[in-house]
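Comments concern the structure below.
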Amino acid sequence: MSDTAARAAALLLAARRDPAQRLADLPAELRPADRAAASAIQRIVAASFAAIGGWKVSPFQPDGLPFCGPLPAAGILASPATLPAAVFRLRGVEAEIAVRLARDLPPRAMPYTRDEVADAIAALHPAIEVLESRFLEPAAVATLTGLADTHAHGALVHGAAVAGWRGISLAAESVVQRVDGAVDAMHTGLPGGDLLGQLVWLANAGSVWAGGLKAGQIVTSGSWTGAHRVGPAARVRVAFAALGEVGLDFLP
């Protein structure tokens, strides 16, 4: 553990405990310069979780790799869910598709194949990722600094499991996100283009430091609607055409 990573993680952990300590940015000397530095900060923060309940993994980025981060088990909630607006001040919401794992994918010398990872998927779930940053304005910090903060992850709400996921065309899947009954966003077609590829990378690289992926963990795979901020009493409903619905209410 580097002193720089430890100091950066301490600031993020303080902001997790007390929103009044949210940051405009990390001090210049603590900002991660590369993925490895951002991941080192993530790992220290994750050590404070009672358990890792899942992961978020982005579509592939211009450098050919996704971003990823561990999610605390305490923040993974079944729909319908309620969250206190006083704690979730940012209240960004994104419609996503999440994957539930049926078995462990521990680190190993031989990389997992696409077929092996597909066989480890128990089900897909419709999901809402709730964004809640340790920064006052997450869009104002550099990408790698945001990565150190798990790209503003706050909570994940998932709908019912869909076991027959192999028969669903994600390229043709569509979603409608409603806030307080009004259409807030719509989209058709998997935004990242290769959800299974994202999971293969996560199994072979992104999750290795944590002992790999575990049975029962849920992995969310990137926004279908973009991040939309909602009010302190918002009712958020996401409906996928084939995967079903998921709901979240904020309580003022």
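How things are named: the first chain in the structure tokens is A, the next is B, and so on; residues count from 1 in each chain; ligands count from 1 in the order shown.
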
How close does each residue of segment 15-91 of chain A get to segment 197-211 of chain A, giving the shortest atom pair and distance in Å to one decimal for every residue with an atom at most 8 Å away, counting only C-alpha atoms, sorted by chain and residue number, as CSV?
residue,atom,partner,partner_atom,distance
A:Val57,CA,A:Gln198,CA,6.7
A:Ser58,CA,A:Gln198,CA,7.2
A:Pro59,CA,A:Gln198,CA,6.4
A:Phe60,CA,A:Gln198,CA,7.1
A:Pro66,CA,A:Gln198,CA,6.8
A:Cys68,CA,A:Gly206,CA,6.5
A:Gly69,CA,A:Gly206,CA,7.9

Original post:
Hey, what does DSSP flag as strand (DSSP E or B) within segment 4-209 of chain A? Can you give it to me as a ChimeraX atom specification?
Top reply: /A:23,52-57,68-72,76-78,81-84,92-101,105,121-131,135,153-158,162,174-179,182-188

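Of the listed residues A:Ala215, A:Ile168, A:Ala33, A:Val130, the one whose atoms come nearest to Pro84 of chain A is A:Val130, with distances taken using only C-alpha atoms.
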
Original post:
When distances are computed from only C-alpha atoms, which of A:Ala118, A:Val45, A:Leu105, A:Ile218 shows the smallest separation from Ala148 of chain A?
Top reply: A:Val45

**OP:** Find the residues around Leu101 of chain A up to 6 Å (only C-alpha atoms counted), leave out those fewer than 6 positions away in its own chain, and share them as a PyMOL selection string.
**Re:** chain A and resi 120-122+215-217

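Minimum atom-to-atom distance to His125 of chain A, evaluated using only C-alpha atoms, belongs to A:Leu243 out of A:Ala227, A:Ala6, A:Leu243, A:Ala20.
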
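Here atom CA of Gly231 of chain A and atom CA of Gly244 of chain A stand 24.2 Å from one another.
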
Original post:
Can you tell me, as a count of residues only, what residues are no more than 8 Å from Ser133 of chain A when counting only C-alpha atoms, ignoring any on the same chain fewer than 2 positions away?
Top reply: 11

Spatial neighbours of Arg35 of chain A, 9 Å, only C-alpha atoms, chain gap at least 5 places, as a tab-separated table (two decimals) with N, CA and C atoms, in the first residue's frame:
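New file around.tsv:
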chain	number	residue	atom	x	y	z
A	40	ALA	N	-5.66	1.09	-6.66
A	40	ALA	CA	-5.09	0.96	-5.32
A	40	ALA	C	-5.93	1.70	-4.29
A	67	PHE	N	-13.63	0.02	-17.24
A	67	PHE	CA	-13.43	0.41	-15.86
A	67	PHE	C	-14.24	-0.54	-14.98
A	144	LEU	N	-9.82	9.45	-13.84
A	144	LEU	CA	-9.15	8.50	-12.94
A	144	LEU	C	-9.46	8.79	-11.48
A	147	LEU	N	-12.70	7.23	-11.02
A	147	LEU	CA	-12.53	5.78	-10.93
A	147	LEU	C	-12.12	5.37	-9.52
A	148	ALA	N	-11.24	6.15	-8.89
A	148	ALA	CA	-10.85	5.85	-7.51
A	148	ALA	C	-12.05	5.84	-6.58

Original post:
What does the distance from atom CA of Gly53 of chain A to atom CA of Thr82 of chain A come to in Å, to one decimal?
Top reply: 18.7 Å

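Note that the spacing between atom CA of Thr145 of chain A and atom CA of Leu213 of chain A amounts to 24.3 Å.
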
**OP:** Tell me which protein, DNA and RNA residues are within 12 Å of Ala86 of chain A, counting only C-alpha atoms, leaving out same-chain ones fewer than 2 positions away, and put them as a PyMOL selection string.
**Re:** chain A and resi 18-20+83-84+88-91+132+231-233+250-252
